[in-house]
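Take a look at the structure set out below.
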Amino acid sequence: MVQLSLPVAFIEAQKSILSPSEWSLFEEAVSHSEPVTSIRLNPAKISDPSALPVLMDDAEARPVPWCPEGRYLSRRPSFTLDPLLHAGAYYVQEPSSMFVTHVVRSLVSAPVTALDLCASPGGKTTALQSALPPGSLTVSNEIDRRRARILAENVTKWGCPDVIVTANAPADFSSLISAFDLILVDAPCSGEGMFRKDPATIAEWSPAKVRECADTQRRILRDIWPALRPGGLLIYSTCTYNIHENEEILSYLCSEMGAEALEVPVSPDWHIRPPLVGTLPCYRFMPHLTAGEGLFLSVVRKSSEASPREAVRSPRAKRTMHHAPGHARRIPLVGREPLTVKPFFLLPSGYEFVSVGETQFAAFPSAWLPLLERISAARLYTLLTGVELASLKGRDLLPSHALALSSLPVVCKNYASCEVDTPLALQYLRREAVVLPDAPCGYVRITHCGLGLGWVKNLGSRANNLYPPEWRIRFQ
């Protein structure tokens, strides 16, 4: 590994808050050691991790201590050429970021509405979906619409049905007063914690950028604060080391916004560092102490004055979304039940059909229809709502790609499945022509190791590959 040359101002800042001995260890880890490779398994799709090929082929794989689904790998395989990655069996994620699963499991015991505000590419959103109590709803947001499409792709592959993906500025949520029980702000930051993993970030760093990021973080927190219910939790995290974007922001939340900083139980064996300054509880992952990149995380509670559920579950919503034209990717139906799609699908208890476009239909959890209605009324730009089931194409009912990947047990009355081996799965994922002589004609769900990859329309002598063009594998 090439030794990294750290910015002088960064070195001076870290030396001012670390002891000489700790600075020496920290500098050695950041400048000279290799980043680690790790994955987080999808418990909704993988019941036996030992059968996962990426782990079977790595005898030195070991657990991530703070995340039961996490695994360190001894080497970095070619993830792109593993069909199970595309099926959502696991997510390639930095191990420090997996700490959010431990935080959620420690502090959240009942179903909640959660907002992941700065969510792309989807690592923490999928972590939330696996860690939150069953029956929770996650709203996953990314302000940049290009990155939001990547977020929607990864959320779709993960397959959790209780989700909405949006692409909005933090201030756009301010009208959703007390709508969320939990908000995660993985704030845009100066990225010091990524120096080792992505050396290009070193050239982009400067003290001015640190100050700019800290100002942005305060503004984001002010904008989103009204959407957090009284008594609700806000998780604030960054991937940077300096105190201006971390401890000082936590102090701002407590002194200026009346929040209460909460402790999270951690094991001494995890070697998570306490605050560098002050006494407010926070959790620092530093590469000379833990096997992973830099992470700062803190949890605060909003002062409690009201019932936690009143703003979330009433009044009862209609079964169609209402967006103004131009404010959503799809213009939902108004005043019309999705009768066209109902005869072809049997939804599990607790889910209802909703219209999410002129010709598109989805399954959405009944309990959270009121929140869906509020999001629609706020005219938020929405990319994904629950599990999209199908869309009308002329007289044809075309099954949606999300349905093939979803973990929701929907009974599809007119569609068959076909299991394929690895070579054929990769051929399909490259969006090449495939032949399925033993499959029935019509729409067929392609599966690999029992997990859905997508759809084809089988014509007998050949099959039309319906894998999304923008998702296809582009190299051999």
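As shown in the structure tokens, the chain order sets the letters A, B, ...; within each chain, residues go from 1, and ligands are also counted from 1 in the order they appear.
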
Review point. Could you write out, as a PyMOL selection string, all the residues of range 158-330 of chain A that DSSP marks as strand (DSSP E or B)?
Key: chain A and resi 163-166+180-186+228-238+260-262+273+283-285+295-301+320

Check your understanding: Neighbours of range 446-461 of chain A within 10 Å (only C-alpha atoms; same-chain residues fewer than 3 positions away dropped), as a ChimeraX atom specification?
Key -> /A:45-46,51-52,83-89,157,159,398-407,415-422,424-425,428-429,433-443,464-468

**Study point:** alpha helix (DSSP H) residues, from DSSP on the backbone, in range 182-213 of chain A, as a PyMOL selection string
**Key:** chain A and resi 200-204+207-213

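With CA of Gly123 in chain A on one side and CA of Tyr91 in chain A on the other, the separation reads 7.2 Å.
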
Check your understanding: For Pro43 in chain A, which residue among A:Pro111, A:Ser16, A:Ala131, A:Ser391 is the nearest when counting only C-alpha atoms?
Key ->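 Of all the options, A:Ala131 lies closest to Pro43 in chain A.
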
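Shortest separation to Gly386 in chain A among A:Leu228, A:Val354, A:Met257, A:Ile177 occurs at residue A:Val354, atoms counted being only C-alpha atoms.
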
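Between CA of His244 in chain A and CA of Ser96 in chain A the interatomic distance comes to 20.2 Å.
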
**Study point:** Among the residues A:Pro226, A:Leu408, A:Ala203, A:Gly394, the one that comes closest to Val8 in chain A [using only C-alpha atoms]
**Key:**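 The shortest atom-to-atom distance to Val8 in chain A comes from A:Ala203.
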
Review point. Counting only C-alpha atoms, what is within 12 Å of range 213-217 of chain A, bar same-chain residues fewer than 3 positions away, as a ChimeraX atom specification?
Key: /A:117-118,170,185-192,205-210,220-224,236-240,242-250,252-253

For the selection just defined, write its residues with N, CA and C atoms to a file, as a compact mmCIF listing (two decimals), in the first residue's frame.
# COMPACT_ATOMS: atom_id res chain seq x y z
N LEU A 117 -32.60 10.45 6.29
CA LEU A 117 -32.69 11.71 5.55
C LEU A 117 -31.67 11.82 4.42
N CYS A 118 -30.46 11.37 4.66
CA CYS A 118 -29.37 11.51 3.67
C CYS A 118 -28.91 10.11 3.30
N PRO A 170 -34.04 18.61 2.95
CA PRO A 170 -34.51 18.47 4.33
C PRO A 170 -35.67 19.40 4.68
N VAL A 185 -29.80 11.07 10.56
CA VAL A 185 -29.12 12.07 9.74
C VAL A 185 -27.66 11.66 9.64
N ASP A 186 -27.33 10.95 8.57
CA ASP A 186 -25.94 10.62 8.26
C ASP A 186 -25.44 11.78 7.41
N ALA A 187 -24.96 12.80 8.09
CA ALA A 187 -24.83 14.13 7.48
C ALA A 187 -23.70 14.19 6.46
N PRO A 188 -23.90 14.98 5.40
CA PRO A 188 -22.77 15.27 4.50
C PRO A 188 -21.66 15.94 5.29
N CYS A 189 -20.43 15.47 5.09
CA CYS A 189 -19.34 15.94 5.94
C CYS A 189 -18.05 16.07 5.13
N SER A 190 -16.98 16.44 5.80
CA SER A 190 -15.70 16.65 5.13
C SER A 190 -14.98 15.35 4.79
N GLY A 191 -15.49 14.21 5.26
CA GLY A 191 -15.02 12.91 4.78
C GLY A 191 -13.65 12.46 5.25
N GLU A 192 -13.19 12.97 6.39
CA GLU A 192 -11.85 12.57 6.87
C GLU A 192 -11.77 11.07 7.14
N TRP A 205 -10.21 17.99 0.79
CA TRP A 205 -10.35 18.43 2.18
C TRP A 205 -9.67 19.78 2.39
N SER A 206 -10.25 20.58 3.26
CA SER A 206 -9.64 21.84 3.69
C SER A 206 -10.33 22.30 4.96
N PRO A 207 -9.68 23.14 5.77
CA PRO A 207 -10.37 23.71 6.94
C PRO A 207 -11.63 24.46 6.56
N ALA A 208 -11.62 25.11 5.40
CA ALA A 208 -12.81 25.83 4.95
C ALA A 208 -13.97 24.85 4.70
N LYS A 209 -13.64 23.69 4.14
CA LYS A 209 -14.69 22.70 3.90
C LYS A 209 -15.27 22.20 5.22
N VAL A 210 -14.42 22.04 6.23
CA VAL A 210 -14.91 21.63 7.55
C VAL A 210 -15.91 22.65 8.08
N ILE A 220 -29.35 21.55 8.29
CA ILE A 220 -30.12 20.32 8.07
C ILE A 220 -30.89 19.94 9.33
N LEU A 221 -30.22 20.00 10.47
CA LEU A 221 -30.87 19.61 11.72
C LEU A 221 -32.00 20.57 12.08
N ARG A 222 -31.81 21.84 11.84
CA ARG A 222 -32.90 22.80 12.09
C ARG A 222 -34.09 22.52 11.18
N ASP A 223 -33.79 22.22 9.91
CA ASP A 223 -34.87 21.99 8.95
C ASP A 223 -35.68 20.75 9.29
N ILE A 224 -35.03 19.70 9.76
CA ILE A 224 -35.71 18.43 9.95
C ILE A 224 -36.33 18.28 11.34
N TYR A 236 -27.48 11.02 14.84
CA TYR A 236 -26.64 11.90 14.03
C TYR A 236 -25.30 11.21 13.84
N SER A 237 -24.85 11.13 12.58
CA SER A 237 -23.57 10.48 12.32
C SER A 237 -22.84 11.19 11.20
N THR A 238 -21.52 11.03 11.20
CA THR A 238 -20.66 11.51 10.12
C THR A 238 -19.56 10.48 9.90
N CYS A 239 -18.83 10.62 8.80
CA CYS A 239 -17.65 9.80 8.56
C CYS A 239 -16.41 10.70 8.59
N THR A 240 -16.34 11.54 9.62
CA THR A 240 -15.21 12.45 9.75
C THR A 240 -14.72 12.46 11.19
N ASN A 242 -13.00 15.36 12.90
CA ASN A 242 -12.84 16.61 13.64
C ASN A 242 -14.00 16.86 14.59
N ILE A 243 -13.75 17.65 15.62
CA ILE A 243 -14.77 17.91 16.64
C ILE A 243 -15.81 18.92 16.17
N HIS A 244 -15.50 19.73 15.16
CA HIS A 244 -16.42 20.78 14.73
C HIS A 244 -17.68 20.20 14.10
N GLU A 245 -17.53 19.06 13.40
CA GLU A 245 -18.67 18.42 12.76
C GLU A 245 -19.27 17.33 13.64
N ASN A 246 -18.70 17.10 14.79
CA ASN A 246 -19.13 15.98 15.62
C ASN A 246 -19.56 16.45 17.02
N GLU A 247 -18.62 16.52 17.97
CA GLU A 247 -19.00 16.91 19.33
C GLU A 247 -19.65 18.29 19.38
N GLU A 248 -19.18 19.22 18.57
CA GLU A 248 -19.79 20.56 18.60
C GLU A 248 -21.21 20.55 18.04
N ILE A 249 -21.48 19.72 17.06
CA ILE A 249 -22.85 19.60 16.54
C ILE A 249 -23.75 18.93 17.58
N LEU A 250 -23.24 17.92 18.26
CA LEU A 250 -24.01 17.30 19.35
C LEU A 250 -24.32 18.32 20.44
N TYR A 252 -24.60 21.48 20.03
CA TYR A 252 -25.60 22.39 19.46
C TYR A 252 -27.01 21.80 19.60
N LEU A 253 -27.16 20.51 19.31
CA LEU A 253 -28.46 19.86 19.44
C LEU A 253 -28.99 19.96 20.86

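When the distance limit is 8 Å and only C-alpha atoms are what count, the residues near Pro133 in chain A, minus those fewer than 4 positions from it on the same chain, are Val108, Ser109, Ala110, Pro111 and Val112 of chain A.
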